[in-house]
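Notes to accompany the following structure.
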Amino acid sequence: MTMKADTTVKWFSSDLEGAPELRGQLGEMIALLSTCLVDGFGARTPDTLVVSDGVATAHFSAEAPYRKYSVVRISGASEPLLNAEWRLSYQQGGEVRFDCPGVPDGGVVGAGFAFASAGWARPFAAPAQHKAVFQSRNLAGTQCYLRVEDGQTIHAKVRAYETMTDVDAGERPFPTSLESGTVLPAWMKSSPLVVSGRPWILAADDRFLVLAVNFSEEPVDVYRGYSVYAFGDLSESAQSDAFHCILCAHRPGAVQFPAVGLGLAEMPADGGLTLARDLAGTTYSPSASASALPGGFIQEADGLLRYYPDRVYQGGRQRGRVPGLYVAEARKRPLRTQITEVGDTALYEFEVGAFYYGYEGHQGAIQIVGPWR
């Protein structure tokens, strides 16, 4: 019997219909995170929805806004069993399909579709539009907080906390301090002179998010490409590791170049990656590094690079894997940004920007079909 497809991983990109824009405007990073992590978007009602032999087929009058592997949430359907999250297995023009084992055959009316959010929370009301806090709802995780201050034009200031009582008050932050005269660590939105929306990719489960932003319009042989940010709980951590939450952002002084904290750029990781605590739980906000080692499930095929999982190290000890993120074993031109199917899963491949003039970009990938754990 066909099993219901896993829906734990949600993915979004700037080229989806109705996706939020990311420009050099105040509050747009918060809007993007709120839309993808908390609210969802893209509400549409199909003209017809029919279930036959455990497969639901919906037809929209125009091009469907959803894509293969998108996770949609259905509500208001006359068949109650359909009011849930589903991962699409097919999309072509206005037609989408998904497996729905156990749902009776027949026509369905009243079904509202939308991109499902990753299921996170914004636990505090913000006194200003440019401040927000995000937190996983999963009680099995560390439940650390991500604070975003989005009052600048080209970047949003980010910082994580172990505990918070409101949008401006928290304890045991990581990183512990900010360098004088800077607004870093930060997640970039746009280069100073760019006015159009920048390309971005976001994928998340209910404990971890990866955000890739192509914030620069520099020529490809300079340092154009995606910069990769992350927040949340690592996977494959030791059972005794209660503080395996990471924050990856630009380190002070390097905001104009793609971030290297997760080790995807040509140069080695040299900052921008911190953990809540060390493995013993006694040292707050230790710096960490990341590197990709053999052991990935992806096998090399025609036109596809061999990808390795990204692993985080601190104090010489492996603390876990970066969920969903993969690094190419070697460079292969031309670099590309596309969704590639591999067996029963799929990767969103993207070009990682070079760290500095004279260096080359690299290739990264996010697994957009879960589970990540």
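Quick note on naming: the chains in the structure tokens go A, B, ... in the order shown, residues restart at 1 in each chain, and ligands are numbered from 1 in order of appearance.
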
- Task: Can you list, as a VMD selection string, all residues belonging to region 15-137 of chain A that DSSP tags as alpha helix (DSSP H)?
- Result: chain A and resid 28 to 33

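When CA of Leu273 (chain A) is paired with CA of Ala346 (chain A), their separation reads 26.7 Å.
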
- Suppose you want the space between CA of Thr283 (chain A) and CA of Ser240 (chain A); what is it in Å? 15.4 Å

- Item | Nearest to Gly261 (chain A), chosen from A:Leu146, A:Ala230, A:Cys245, A:Met164, with only C-alpha atoms counted in the distances | A:Ala230

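One distance worth recording is that between CA of Ser14 (chain A) and CA of Trp86 (chain A), which is 21.2 Å.
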
- Message: With only C-alpha atoms as the counted atoms, please give the residues lying no more than 7 Å from Gly151 (chain A), apart from itself and same-chain residues fewer than 5 positions off, as a PyMOL selection string.
- Response: chain A and resi 26-27+130+156

- Polymer residues at most 7 Å from region 42-49 of chain A, only C-alpha atoms, same-chain spacing of 3 or more positions, as a ChimeraX atom specification: /A:18,56-61,107-109,111-115

Please write the residues from the selection above to a file, keeping N, CA and C atoms, as a compact mmCIF listing (two decimals), in the first residue's frame.
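Dumped to out09.txt:
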```txt
# COMPACT_ATOMS: atom_id res chain seq x y z
N GLY A 18 3.63 34.52 -5.73
CA GLY A 18 3.20 35.00 -4.43
C GLY A 18 4.28 35.01 -3.36
N ALA A 56 -4.95 12.03 -5.54
CA ALA A 56 -5.78 13.22 -5.72
C ALA A 56 -5.24 14.04 -6.88
N THR A 57 -6.15 14.47 -7.77
CA THR A 57 -5.78 15.30 -8.91
C THR A 57 -6.59 16.58 -8.86
N ALA A 58 -5.88 17.71 -8.86
CA ALA A 58 -6.53 19.02 -8.84
C ALA A 58 -6.20 19.76 -10.13
N HIS A 59 -7.19 20.48 -10.64
CA HIS A 59 -6.99 21.32 -11.83
C HIS A 59 -7.31 22.77 -11.48
N PHE A 60 -6.37 23.65 -11.84
CA PHE A 60 -6.54 25.08 -11.67
C PHE A 60 -6.75 25.71 -13.05
N SER A 61 -7.48 26.80 -13.09
CA SER A 61 -7.81 27.43 -14.37
C SER A 61 -6.60 28.03 -15.06
N GLY A 107 -15.39 13.08 -6.13
CA GLY A 107 -15.12 14.50 -6.28
C GLY A 107 -15.17 15.21 -4.95
N VAL A 108 -14.36 16.27 -4.82
CA VAL A 108 -14.27 17.03 -3.57
C VAL A 108 -14.49 18.51 -3.89
N VAL A 109 -15.24 19.19 -3.06
CA VAL A 109 -15.47 20.62 -3.26
C VAL A 109 -15.00 21.38 -2.02
N ALA A 111 -12.17 22.81 -1.32
CA ALA A 111 -10.79 22.64 -0.86
C ALA A 111 -9.95 23.87 -1.19
N GLY A 112 -9.40 24.49 -0.16
CA GLY A 112 -8.48 25.60 -0.35
C GLY A 112 -7.05 25.14 -0.21
N PHE A 113 -6.22 25.41 -1.22
CA PHE A 113 -4.80 25.05 -1.21
C PHE A 113 -3.97 26.26 -0.78
N ALA A 114 -2.81 25.99 -0.18
CA ALA A 114 -1.82 27.03 0.11
C ALA A 114 -0.50 26.35 0.40
N PHE A 115 0.61 27.05 0.17
CA PHE A 115 1.90 26.54 0.61
C PHE A 115 1.88 26.43 2.14
```

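Candidate residues A:Gly106, A:Pro371, A:Gly364, A:Pro185 were compared for distance to His155 (chain A), and the nearest is A:Pro185, using only C-alpha atoms.
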
- Message: Residues near Leu325 (chain A), anyone? I mean within 9 Å using only C-alpha atoms, not counting same-chain ones fewer than 3 positions away, as a list in words.
- Response: Val210, Tyr308, Pro309, Asp310, Arg321, Val322, Gly364, Ala365, Ile366 and Gln367 of chain A

Same residues, N, CA, C and O atoms, output as a short mmCIF file (atom, residue, chain, number, x, y, z; two decimals), in the first residue's frame:
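The resulting file, result.cif, is shown below:
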```
data_model
loop_
_atom_site.label_atom_id
_atom_site.label_comp_id
_atom_site.auth_asym_id
_atom_site.auth_seq_id
_atom_site.Cartn_x
_atom_site.Cartn_y
_atom_site.Cartn_z
N VAL A 210 17.42 26.70 6.64
CA VAL A 210 18.55 27.09 5.78
C VAL A 210 18.04 28.15 4.83
O VAL A 210 17.01 27.95 4.16
N TYR A 308 28.40 15.89 -0.44
CA TYR A 308 28.68 15.37 0.90
C TYR A 308 27.90 16.17 1.94
O TYR A 308 27.69 17.38 1.77
N PRO A 309 27.47 15.53 3.01
CA PRO A 309 26.77 16.26 4.07
C PRO A 309 27.71 17.22 4.79
O PRO A 309 28.91 16.97 4.91
N ASP A 310 27.15 18.32 5.26
CA ASP A 310 27.91 19.34 5.96
C ASP A 310 27.89 19.05 7.46
O ASP A 310 26.81 18.85 8.04
N ARG A 321 25.27 17.17 12.21
CA ARG A 321 25.14 17.53 10.80
C ARG A 321 24.26 18.75 10.64
O ARG A 321 23.34 18.98 11.42
N VAL A 322 24.55 19.52 9.59
CA VAL A 322 23.66 20.62 9.20
C VAL A 322 22.50 20.00 8.43
O VAL A 322 22.69 19.50 7.32
N GLY A 364 26.53 24.19 -4.03
CA GLY A 364 25.88 23.64 -2.85
C GLY A 364 24.53 23.08 -3.23
O GLY A 364 24.06 23.25 -4.37
N ALA A 365 23.88 22.41 -2.29
CA ALA A 365 22.56 21.84 -2.56
C ALA A 365 21.80 21.70 -1.25
O ALA A 365 22.38 21.43 -0.19
N ILE A 366 20.49 21.87 -1.34
CA ILE A 366 19.59 21.65 -0.21
C ILE A 366 18.64 20.53 -0.58
O ILE A 366 18.02 20.55 -1.66
N GLN A 367 18.52 19.55 0.29
CA GLN A 367 17.58 18.46 0.07
C GLN A 367 16.18 18.98 0.39
O GLN A 367 15.90 19.38 1.51
#
```
